[in-house]
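Peer 1: So here's entry25.cif, just mmCIF, C-alpha atoms:
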data_query
#
loop_
_atom_site.label_atom_id
_atom_site.label_comp_id
_atom_site.auth_asym_id
_atom_site.auth_seq_id
_atom_site.Cartn_x
_atom_site.Cartn_y
_atom_site.Cartn_z
CA MET G 1 5.63 52.29 -7.45
CA ASN G 2 8.23 49.64 -8.28
CA THR G 3 9.75 49.87 -11.73
CA LEU G 4 9.86 46.78 -13.95
CA ASN G 5 13.64 46.78 -13.55
CA GLU G 6 13.38 46.71 -9.76
CA GLN G 7 10.83 43.93 -9.90
CA ASN G 8 13.00 41.80 -12.18
CA ASN G 9 16.05 42.37 -9.98
CA LEU G 10 14.10 41.34 -6.90
CA ILE G 11 12.83 38.16 -8.60
CA LYS G 12 16.38 37.32 -9.72
CA THR G 13 17.76 37.86 -6.22
CA LEU G 14 15.11 35.60 -4.70
CA LYS G 15 15.92 32.85 -7.23
CA ASP G 16 19.68 33.27 -6.66
CA LEU G 17 19.04 32.74 -2.94
CA GLY G 18 17.06 29.56 -3.69
CA LEU G 19 13.77 31.18 -2.62
CA ASN G 20 11.87 29.96 -5.67
CA GLY G 21 8.51 29.83 -3.93
CA MET G 22 8.82 33.44 -2.86
CA ALA G 23 9.93 34.36 -6.39
CA GLU G 24 6.78 32.76 -7.83
CA ALA G 25 4.56 34.56 -5.31
CA ALA G 26 6.30 37.90 -5.84
CA THR G 27 5.86 37.56 -9.61
CA ASN G 28 2.16 36.92 -9.05
CA GLN G 29 1.88 39.99 -6.81
CA PHE G 30 3.65 42.21 -9.36
CA ASN G 31 1.40 40.89 -12.15
CA ASN G 32 -1.68 41.69 -10.07
CA GLU G 33 -0.50 44.91 -8.43
CA PHE G 34 -3.93 46.53 -8.46
CA SER G 35 -5.44 43.76 -6.33
CA TYR G 36 -2.44 43.47 -3.99
CA SER G 37 -2.16 47.23 -3.44
CA ALA G 38 -4.89 46.94 -0.80
CA LEU G 39 -2.67 44.68 1.33
CA ASN G 40 -0.05 46.08 3.68
CA PHE G 41 3.61 45.07 3.70
CA CYS G 42 3.22 42.42 6.41
CA GLN G 43 0.31 40.76 4.62
CA ARG G 44 2.20 40.61 1.34
CA LEU G 45 5.32 39.29 3.05
CA GLN G 46 3.26 36.64 4.86
CA GLU G 47 1.96 35.39 1.53
CA LEU G 48 5.49 35.16 0.17
CA LEU G 49 6.62 33.17 3.19
CA GLU G 50 3.64 30.81 3.01
CA ARG G 51 4.30 30.20 -0.68
CA GLU G 52 7.96 29.45 0.04
CA ASP G 53 7.00 26.98 2.75
CA SER G 54 4.50 25.27 0.44
CA TYR G 55 7.04 25.18 -2.40
CA ARG G 56 9.71 23.56 -0.21
CA LYS G 57 7.30 20.92 1.05
CA LYS G 58 6.26 20.12 -2.50
CA MET G 59 9.86 19.82 -3.69
CA LYS G 60 10.78 17.68 -0.69
CA TYR G 61 7.86 15.35 -1.38
CA GLN G 62 8.83 15.03 -5.02
CA ARG G 63 12.42 14.25 -4.03
CA ILE G 64 11.33 11.60 -1.51
CA ILE G 65 9.06 9.95 -4.08
CA ARG G 66 11.76 10.02 -6.75
CA GLN G 67 14.34 8.46 -4.44
CA GLY G 68 11.81 6.08 -2.87
CA LYS G 69 11.13 4.27 -6.18
CA LEU G 70 7.49 3.51 -5.34
CA LYS G 71 5.81 1.22 -7.85
CA TYR G 72 2.51 3.07 -7.36
CA GLN G 73 1.91 6.61 -6.11
CA LEU G 74 -1.40 6.09 -4.33
CA THR G 75 -3.41 7.47 -1.43
CA PHE G 76 -6.00 5.68 0.70
CA ASN G 77 -8.66 7.43 -1.39
CA ASP G 78 -7.36 5.52 -4.40
CA ILE G 79 -7.32 1.95 -3.11
CA HIS G 80 -10.77 1.64 -1.46
CA PHE G 81 -9.99 -1.24 0.88
CA GLY G 82 -12.64 -2.30 3.38
CA ASP G 83 -13.86 -5.13 5.58
CA ALA G 84 -14.54 -7.36 2.58
CA ASP G 85 -10.88 -6.99 1.56
CA GLY G 86 -9.57 -7.91 4.99
CA LEU G 87 -8.91 -4.35 6.18
CA LYS G 88 -11.03 -3.40 9.17
CA LYS G 89 -11.95 0.25 9.75
CA ASP G 90 -9.92 0.46 12.94
CA ASP G 91 -6.88 -0.98 11.17
CA GLN G 92 -7.30 1.47 8.30
CA LYS G 93 -7.48 4.41 10.71
CA TYR G 94 -4.37 3.13 12.45
CA LEU G 95 -2.42 2.84 9.19
CA ILE G 96 -3.58 6.24 7.91
CA SER G 97 -2.51 7.91 11.18
CA ASN G 98 1.15 6.92 10.59
CA HIS G 99 1.28 6.23 14.35
CA TRP G 100 2.83 2.82 13.55
CA ALA G 101 5.84 4.51 11.93
CA LEU G 102 6.24 7.84 13.71
CA VAL G 103 5.09 7.44 17.31
CA SER G 104 5.43 3.82 18.36
CA PRO G 105 7.29 2.00 15.55
CA VAL G 106 6.03 -1.43 14.57
CA ASN G 107 6.57 -3.42 11.40
CA ILE G 108 3.71 -4.03 8.98
CA TYR G 109 3.31 -7.48 7.43
CA ILE G 110 0.85 -7.50 4.51
CA GLN G 111 -0.13 -11.04 3.52
CA GLY G 112 -2.45 -12.34 0.85
CA LYS G 113 -2.67 -14.21 -2.41
CA THR G 114 -1.55 -12.69 -5.69
CA GLY G 115 -3.54 -9.72 -6.95
CA VAL G 116 -5.29 -8.74 -3.69
CA GLY G 117 -3.43 -5.43 -3.47
CA LYS G 118 -0.43 -6.07 -1.21
CA THR G 119 1.96 -3.95 -3.27
CA ALA G 120 -0.61 -1.19 -3.66
CA MET G 121 -1.17 -1.15 0.09
CA ALA G 122 2.58 -0.96 0.79
CA CYS G 123 3.03 1.90 -1.68
CA THR G 124 0.06 3.73 -0.18
CA LEU G 125 1.62 3.50 3.28
CA LEU G 126 4.92 4.87 1.96
CA ASN G 127 3.25 7.65 -0.01
CA ASN G 128 1.23 8.68 3.05
CA LEU G 129 4.47 9.11 4.98
CA ALA G 130 6.20 10.92 2.11
CA LEU G 131 3.39 13.48 2.12
CA GLU G 132 4.44 14.31 5.69
CA GLY G 133 8.09 14.66 4.65
CA TYR G 134 9.44 11.30 5.88
CA THR G 135 11.92 9.27 3.84
CA VAL G 136 10.80 5.96 2.35
CA ARG G 137 12.22 3.28 0.05
CA PHE G 138 10.44 0.53 -1.88
CA TRP G 139 12.30 -2.59 -2.99
CA ARG G 140 11.02 -5.71 -4.73
CA MET G 141 12.73 -8.63 -3.04
CA CYS G 142 14.08 -9.99 -6.34
CA ASP G 143 15.62 -6.61 -7.22
CA LEU G 144 17.06 -6.26 -3.73
CA GLN G 145 18.62 -9.71 -3.98
CA ASN G 146 20.13 -8.86 -7.37
CA GLU G 147 21.58 -5.64 -5.95
CA VAL G 148 23.17 -7.53 -3.05
CA GLU G 149 24.64 -10.06 -5.50
CA ARG G 150 26.05 -7.20 -7.56
CA LEU G 151 27.71 -5.59 -4.54
CA SER G 152 28.79 -8.79 -2.81
CA ASN G 153 32.35 -8.61 -4.15
CA ASP G 154 32.85 -5.12 -2.70
CA PRO G 155 32.39 -5.22 1.10
CA GLY G 156 32.70 -1.44 1.40
CA LYS G 157 29.88 -0.75 -1.06
CA LEU G 158 27.73 -3.48 0.48
CA LYS G 159 28.20 -1.98 3.93
CA SER G 160 27.29 1.48 2.60
CA PHE G 161 24.17 0.03 0.99
CA THR G 162 23.19 -1.63 4.27
CA THR G 163 23.67 1.64 6.14
CA LYS G 164 21.60 3.51 3.55
CA LEU G 165 18.65 1.12 3.90
CA ALA G 166 18.87 1.33 7.67
CA LYS G 167 18.44 5.11 7.59
CA TYR G 168 15.12 5.37 5.74
CA ASP G 169 12.23 6.25 8.02
CA VAL G 170 10.30 3.34 6.50
CA LEU G 171 11.58 0.58 4.23
CA ALA G 172 9.27 -1.72 2.24
CA ILE G 173 10.30 -5.12 0.88
CA ASP G 174 7.78 -6.42 -1.63
CA ASP G 175 7.03 -10.07 -2.52
CA LEU G 176 9.21 -11.66 0.12
CA GLY G 177 9.53 -15.41 -0.44
CA LEU G 178 7.81 -15.33 -3.82
CA ASN G 179 9.63 -18.41 -5.11
CA SER G 180 9.47 -20.17 -1.70
CA GLU G 181 13.12 -21.23 -1.97
CA VAL G 182 15.61 -20.83 0.86
CA MET G 183 17.64 -17.68 0.28
CA PRO G 184 21.43 -17.90 -0.16
CA ALA G 185 23.36 -17.39 3.09
CA LYS G 186 24.76 -14.02 1.99
CA ILE G 187 21.26 -12.70 1.29
CA VAL G 188 20.03 -13.89 4.68
CA SER G 189 23.04 -12.23 6.32
CA PHE G 190 22.34 -8.97 4.47
CA ILE G 191 18.65 -8.98 5.44
CA PHE G 192 19.61 -9.65 9.04
CA ASN G 193 22.04 -6.70 9.10
CA VAL G 194 19.41 -4.34 7.63
CA ILE G 195 16.57 -5.45 9.90
CA ASP G 196 18.83 -5.51 12.96
CA ALA G 197 20.03 -1.95 12.24
CA ARG G 198 16.45 -0.72 11.81
CA SER G 199 14.94 -2.51 14.78
CA PRO G 200 13.32 -1.28 16.97
CA ARG G 201 13.49 2.42 16.01
CA LYS G 202 12.35 2.26 12.39
CA SER G 203 9.44 0.40 10.82
CA THR G 204 9.72 -2.03 7.94
CA VAL G 205 6.84 -3.04 5.65
CA ILE G 206 6.81 -6.57 4.24
CA THR G 207 4.46 -7.97 1.61
CA SER G 208 4.25 -11.69 0.99
CA GLN G 209 1.95 -14.45 -0.14
CA MET G 210 3.22 -16.47 2.80
CA LYS G 211 1.72 -16.32 6.23
CA PRO G 212 4.18 -15.08 8.85
CA ASP G 213 4.66 -18.55 10.31
CA GLY G 214 6.19 -19.65 7.00
CA LEU G 215 9.05 -17.15 6.96
CA LEU G 216 11.64 -19.66 8.12
CA ARG G 217 11.05 -21.56 4.90
CA VAL G 218 12.79 -18.76 2.98
CA PHE G 219 15.28 -17.59 5.61
CA GLY G 220 16.34 -21.10 6.67
CA SER G 221 16.77 -22.56 10.12
CA GLY G 222 19.94 -20.88 11.36
CA ALA G 223 20.35 -18.38 14.17
CA GLN G 224 20.28 -15.39 11.79
CA ALA G 225 17.07 -16.64 10.19
CA GLU G 226 15.37 -16.93 13.57
CA ALA G 227 16.67 -13.50 14.56
CA ILE G 228 15.24 -11.93 11.36
CA VAL G 229 11.80 -13.43 11.96
CA ASP G 230 11.84 -12.41 15.61
CA ARG G 231 12.72 -8.79 14.75
CA LEU G 232 10.19 -8.60 11.92
CA LEU G 233 7.28 -9.98 13.93
CA ARG G 234 7.93 -8.40 17.34
CA PRO G 235 6.36 -5.89 17.29
CA CYS G 236 4.33 -6.24 14.10
CA LYS G 237 0.90 -5.42 12.73
CA ILE G 238 -0.32 -8.20 10.42
CA ILE G 239 -2.74 -7.27 7.64
CA SER G 240 -4.30 -10.26 5.84
CA LEU G 241 -5.85 -9.12 2.57
CA LYS G 242 -8.40 -11.26 0.75
CA GLY G 243 -10.87 -11.18 -2.09
CA GLU G 244 -10.63 -11.16 -5.87
CA SER G 245 -7.76 -9.71 -7.86
CA LYS G 246 -7.69 -5.90 -7.91
CA ARG G 247 -5.16 -5.48 -10.69
CA THR G 248 -7.80 -3.96 -13.00
CA THR G 249 -9.05 -1.47 -10.40
CA ILE G 250 -5.88 -0.18 -8.67
#
Can the structure from this file be put into structure tokens for me?

Peer 2:
Amino acid sequence: MNTLNEQNNLIKTLKDLGLNGMAEAATNQFNNEFSYSALNFCQRLQELLEREDSYRKKMKYQRIIRQGKLKYQLTFNDIHFGDADGLKKDDQKYLISNHWALVSPVNIYIQGKTGVGKTAMACTLLNNLALEGYTVRFWRMCDLQNEVERLSNDPGKLKSFTTKLAKYDVLAIDDLGLNSEVMPAKIVSFIFNVIDARSPRKSTVITSQMKPDGLLRVFGSGAQAEAIVDRLLRPCKIISLKGESKRTTI
């Protein structure tokens, strides 16, 4: 029988090695020795390994969510979108599958008037991917524009920021074109560099009150503007949400 000293030393060693999940499971086994005594060594070790795997997945998910800055941490069970909201069953199955991001990358353009759940839908898509261990990042367009303005006087930092956004498995830009004004040239150039670096290997999620054919009103009429729209919409899955405001239910 293991002595308390031996048990404590083993738990400490596991923690020192960063095997916190195994340490938790081993502590549980020691605290319930009578029940676990019926299991052989391999069975007990298997439980430790499974707990470690589960622990690492949980910690990875929490890290992705923390770094992803999602406005809402939702699942499809939380948002309850259906045909009446503009989301057909086949489209919902397609989005839930993550096929659009992981197998054959396409962009997702979520359009609709204020309050119909565009931001909630975008966050749900990102959270669904985070649960599988993929990196995501959520940015409100106004915050992203402010960040670019802040970094605009330091080309090195701006380039690093561009590279960072290009690396996320899925990037979401929320409320694009909210004020319907043409973006400053440096913002358009930044958006182009990000989208160009991501296309066609990584998906980008856009939410907007504008229909896709109105994007040039905010990006302008130059070559970069046309290139942004072309990369965002080809290939792209367009989701047009409708109905009454859901702000009180989401």

Peer 1: Take the PyMOL selection byres ((chain G and resi 74) around 7), apply it to the structure above, and return the hits as number ranges by chain.

Peer 2: G: 72-73, 75-76, 78, 123-124, 127

Peer 1: When you count all atoms listed in the file, which of these residues is closest to G:Glu52: G:Leu165, G:Leu232, G:Ala23, G:Ala84?

Peer 2: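 Distance minimum relative to G:Glu52 lands on G:Ala23.
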
Peer 1: Quick one: contact table of stretch 68-156 of chain G to stretch 172-188 of chain G, 6 Å max, nearest atom pair and distance in Å to one decimal per residue, counting only C-alpha atoms, chain and number order, as a Markdown table?

Peer 2:
| residue | atom | partner | partner_atom | distance |
| --- | --- | --- | --- | --- |
| G:Phe138 | CA | G:Ala172 | CA | 4.8 |
| G:Trp139 | CA | G:Ile173 | CA | 5.0 |
| G:Arg140 | CA | G:Asp174 | CA | 4.5 |
| G:Met141 | CA | G:Asp174 | CA | 5.6 |

Peer 1: Atom CA of G:Thr207 and atom CA of G:Thr119, how far apart in Å?

Peer 2: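 Between atom CA of G:Thr119 and atom CA of G:Thr207 the gap works out to 6.8 Å.
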
Peer 1: Work out how far apart atom CA of G:Ser160 and atom CA of G:Phe190 are and give it in Å to one decimal.

Peer 2: 11.7 Å

Peer 1: List the spatial neighbours of stretch 95-107 of chain G as an NGL selection string - criterion: any atom at most 6 Å away, all atoms listed in the file, same-chain residues fewer than 4 positions off excluded.

Peer 2: :G and (202-205 or 235-236)

Peer 1: Counting all atoms listed in the file, note down every residue that has an atom within 7 Å of the point (4.4, 16.7, 3.0) (file coordinates), as a VMD selection string.

Peer 2: chain G and resid 57 to 58 61 130 to 133

Peer 1: For the residues in that selection, give me C-alpha atoms as a short mmCIF file (atom, residue, chain, number, x, y, z; two decimals), keeping the file's coordinate frame.

Peer 2:
data_model
loop_
_atom_site.label_atom_id
_atom_site.label_comp_id
_atom_site.auth_asym_id
_atom_site.auth_seq_id
_atom_site.Cartn_x
_atom_site.Cartn_y
_atom_site.Cartn_z
CA LYS G 57 7.30 20.92 1.05
CA LYS G 58 6.26 20.12 -2.50
CA TYR G 61 7.86 15.35 -1.38
CA ALA G 130 6.20 10.92 2.11
CA LEU G 131 3.39 13.48 2.12
CA GLU G 132 4.44 14.31 5.69
CA GLY G 133 8.09 14.66 4.65
#

Peer 1: Distance atom CA of G:Ile228-atom CA of G:Ser189, one decimal place?

Peer 2: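 Computing the Euclidean distance for atom CA of G:Ile228 and atom CA of G:Ser189 yields 9.3 Å.
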
Peer 1: So which residues get picked by the PyMOL selection byres ((chain G and resi 198) around 10) here, written as a VMD selection string?

Peer 2: chain G and resid 163 165 to 171 192 to 197 199 to 204 231

Peer 1: Applying 12 Å and only C-alpha atoms, which residues near G:Asp83 remain after dropping the ones on its own chain fewer than 2 positions away? List them as a ChimeraX atom specification.

Peer 2: /G:80-81,85-92,239-243

Peer 1: Excluding G:Arg56 and its own-chain neighbours fewer than 5 positions away, which residues fall within 9 Å of it when counting all atoms listed in the file? Please give them as a list in words.

Peer 2: Leu19, Asn20, Gly21, Arg51 and Tyr61 of chain G

Peer 1: Apply the PyMOL selection byres ((chain G and resi 30-41) around 10) to the displayed file and report the matching residues as a PDB file with C-alpha atoms, in the frame of the given file.

Peer 2:
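Wrote it out as out_29.pdb, contents follow:
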ATOM      1  CA  MET G   1       5.630  52.290  -7.450  1.00  0.00           C
ATOM      2  CA  ASN G   2       8.230  49.640  -8.280  1.00  0.00           C
ATOM      3  CA  LEU G   4       9.860  46.780 -13.950  1.00  0.00           C
ATOM      4  CA  GLN G   7      10.830  43.930  -9.900  1.00  0.00           C
ATOM      5  CA  ASN G   8      13.000  41.800 -12.180  1.00  0.00           C
ATOM      6  CA  ALA G  25       4.560  34.560  -5.310  1.00  0.00           C
ATOM      7  CA  ALA G  26       6.300  37.900  -5.840  1.00  0.00           C
ATOM      8  CA  THR G  27       5.860  37.560  -9.610  1.00  0.00           C
ATOM      9  CA  ASN G  28       2.160  36.920  -9.050  1.00  0.00           C
ATOM     10  CA  GLN G  29       1.880  39.990  -6.810  1.00  0.00           C
ATOM     11  CA  CYS G  42       3.220  42.420   6.410  1.00  0.00           C
ATOM     12  CA  GLN G  43       0.310  40.760   4.620  1.00  0.00           C
ATOM     13  CA  ARG G  44       2.200  40.610   1.340  1.00  0.00           C
ATOM     14  CA  LEU G  45       5.320  39.290   3.050  1.00  0.00           C
ATOM     15  CA  GLN G  46       3.260  36.640   4.860  1.00  0.00           C
TER      16      GLN G  46
END

Peer 1: Using all atoms listed in the file for the distances, tell me which of G:Val136, G:Leu17, G:Lys113, G:Gly82 is nearest to G:Gln62.

Peer 2: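 Comparing G:Val136, G:Leu17, G:Lys113, G:Gly82 against G:Gln62, the winner is G:Val136.
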
Peer 1: Between G:Tyr109, G:Tyr134, G:Gly117, G:Phe161, which residue has the minimum interatomic distance to G:Lys60, considering all atoms listed in the file?

Peer 2: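 Of G:Tyr109, G:Tyr134, G:Gly117, G:Phe161, the one nearest G:Lys60, counting all atoms listed in the file, is G:Tyr134.
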
Peer 1: Nearest residue to G:Gly214 out of G:Gln111, G:Ser245, G:Gln67, G:Ser54, using all atoms listed in the file?

Peer 2: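 Counting all atoms listed in the file, the residue closest to G:Gly214 is G:Gln111.
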
Peer 1: Taking only C-alpha atoms into account, which of G:Leu70, G:Leu215, G:Ala225, G:Ile191 comes nearest G:Asn128?

Peer 2: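 Of all the options, G:Leu70 lies closest to G:Asn128.
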
Peer 1: N, CA, C and O atoms are needed for stretch 156-170 of chain G; please write them out as a JSON list (two decimals), in the coordinates of the input.

Peer 2:
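The result, written out as part_31.json:
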[["chain", "number", "residue", "atom", "x", "y", "z"],
["G", 156, "GLY", "N", 32.92, -2.84, 1.05],
["G", 156, "GLY", "CA", 32.70, -1.44, 1.40],
["G", 156, "GLY", "C", 31.40, -0.91, 0.84],
["G", 156, "GLY", "O", 30.62, -0.25, 1.56],
["G", 157, "LYS", "N", 31.12, -1.21, -0.42],
["G", 157, "LYS", "CA", 29.88, -0.75, -1.06],
["G", 157, "LYS", "C", 28.67, -1.46, -0.46],
["G", 157, "LYS", "O", 27.61, -0.86, -0.28],
["G", 158, "LEU", "N", 28.83, -2.74, -0.12],
["G", 158, "LEU", "CA", 27.73, -3.48, 0.48],
["G", 158, "LEU", "C", 27.39, -2.92, 1.86],
["G", 158, "LEU", "O", 26.22, -2.79, 2.22],
["G", 159, "LYS", "N", 28.42, -2.57, 2.62],
["G", 159, "LYS", "CA", 28.20, -1.98, 3.93],
["G", 159, "LYS", "C", 27.50, -0.63, 3.81],
["G", 159, "LYS", "O", 26.59, -0.31, 4.59],
["G", 160, "SER", "N", 27.92, 0.18, 2.83],
["G", 160, "SER", "CA", 27.29, 1.48, 2.60],
["G", 160, "SER", "C", 25.83, 1.33, 2.21],
["G", 160, "SER", "O", 24.96, 2.10, 2.64],
["G", 161, "PHE", "N", 25.55, 0.30, 1.41],
["G", 161, "PHE", "CA", 24.17, 0.03, 0.99],
["G", 161, "PHE", "C", 23.32, -0.38, 2.19],
["G", 161, "PHE", "O", 22.18, 0.07, 2.34],
["G", 162, "THR", "N", 23.88, -1.22, 3.05],
["G", 162, "THR", "CA", 23.19, -1.63, 4.27],
["G", 162, "THR", "C", 22.86, -0.44, 5.14],
["G", 162, "THR", "O", 21.74, -0.29, 5.64],
["G", 163, "THR", "N", 23.85, 0.43, 5.31],
["G", 163, "THR", "CA", 23.67, 1.64, 6.14],
["G", 163, "THR", "C", 22.59, 2.54, 5.54],
["G", 163, "THR", "O", 21.77, 3.11, 6.27],
["G", 164, "LYS", "N", 22.59, 2.66, 4.23],
["G", 164, "LYS", "CA", 21.60, 3.51, 3.55],
["G", 164, "LYS", "C", 20.18, 2.99, 3.79],
["G", 164, "LYS", "O", 19.27, 3.77, 4.12],
["G", 165, "LEU", "N", 19.98, 1.69, 3.68],
["G", 165, "LEU", "CA", 18.65, 1.12, 3.90],
["G", 165, "LEU", "C", 18.22, 1.25, 5.35],
["G", 165, "LEU", "O", 17.03, 1.39, 5.64],
["G", 166, "ALA", "N", 19.18, 1.22, 6.24],
["G", 166, "ALA", "CA", 18.87, 1.33, 7.67],
["G", 166, "ALA", "C", 18.39, 2.73, 8.04],
["G", 166, "ALA", "O", 17.69, 2.90, 9.04],
["G", 167, "LYS", "N", 18.74, 3.73, 7.24],
["G", 167, "LYS", "CA", 18.44, 5.11, 7.59],
["G", 167, "LYS", "C", 17.06, 5.59, 7.15],
["G", 167, "LYS", "O", 16.55, 6.58, 7.67],
["G", 168, "TYR", "N", 16.45, 4.93, 6.18],
["G", 168, "TYR", "CA", 15.12, 5.37, 5.74],
["G", 168, "TYR", "C", 14.13, 5.30, 6.89],
["G", 168, "TYR", "O", 14.15, 4.36, 7.69],
["G", 169, "ASP", "N", 13.24, 6.28, 6.96],
["G", 169, "ASP", "CA", 12.23, 6.25, 8.02],
["G", 169, "ASP", "C", 11.38, 4.99, 7.93],
["G", 169, "ASP", "O", 11.06, 4.37, 8.94],
["G", 170, "VAL", "N", 11.01, 4.61, 6.71],
["G", 170, "VAL", "CA", 10.30, 3.34, 6.50],
["G", 170, "VAL", "C", 10.82, 2.68, 5.23],
["G", 170, "VAL", "O", 10.97, 3.32, 4.18]]
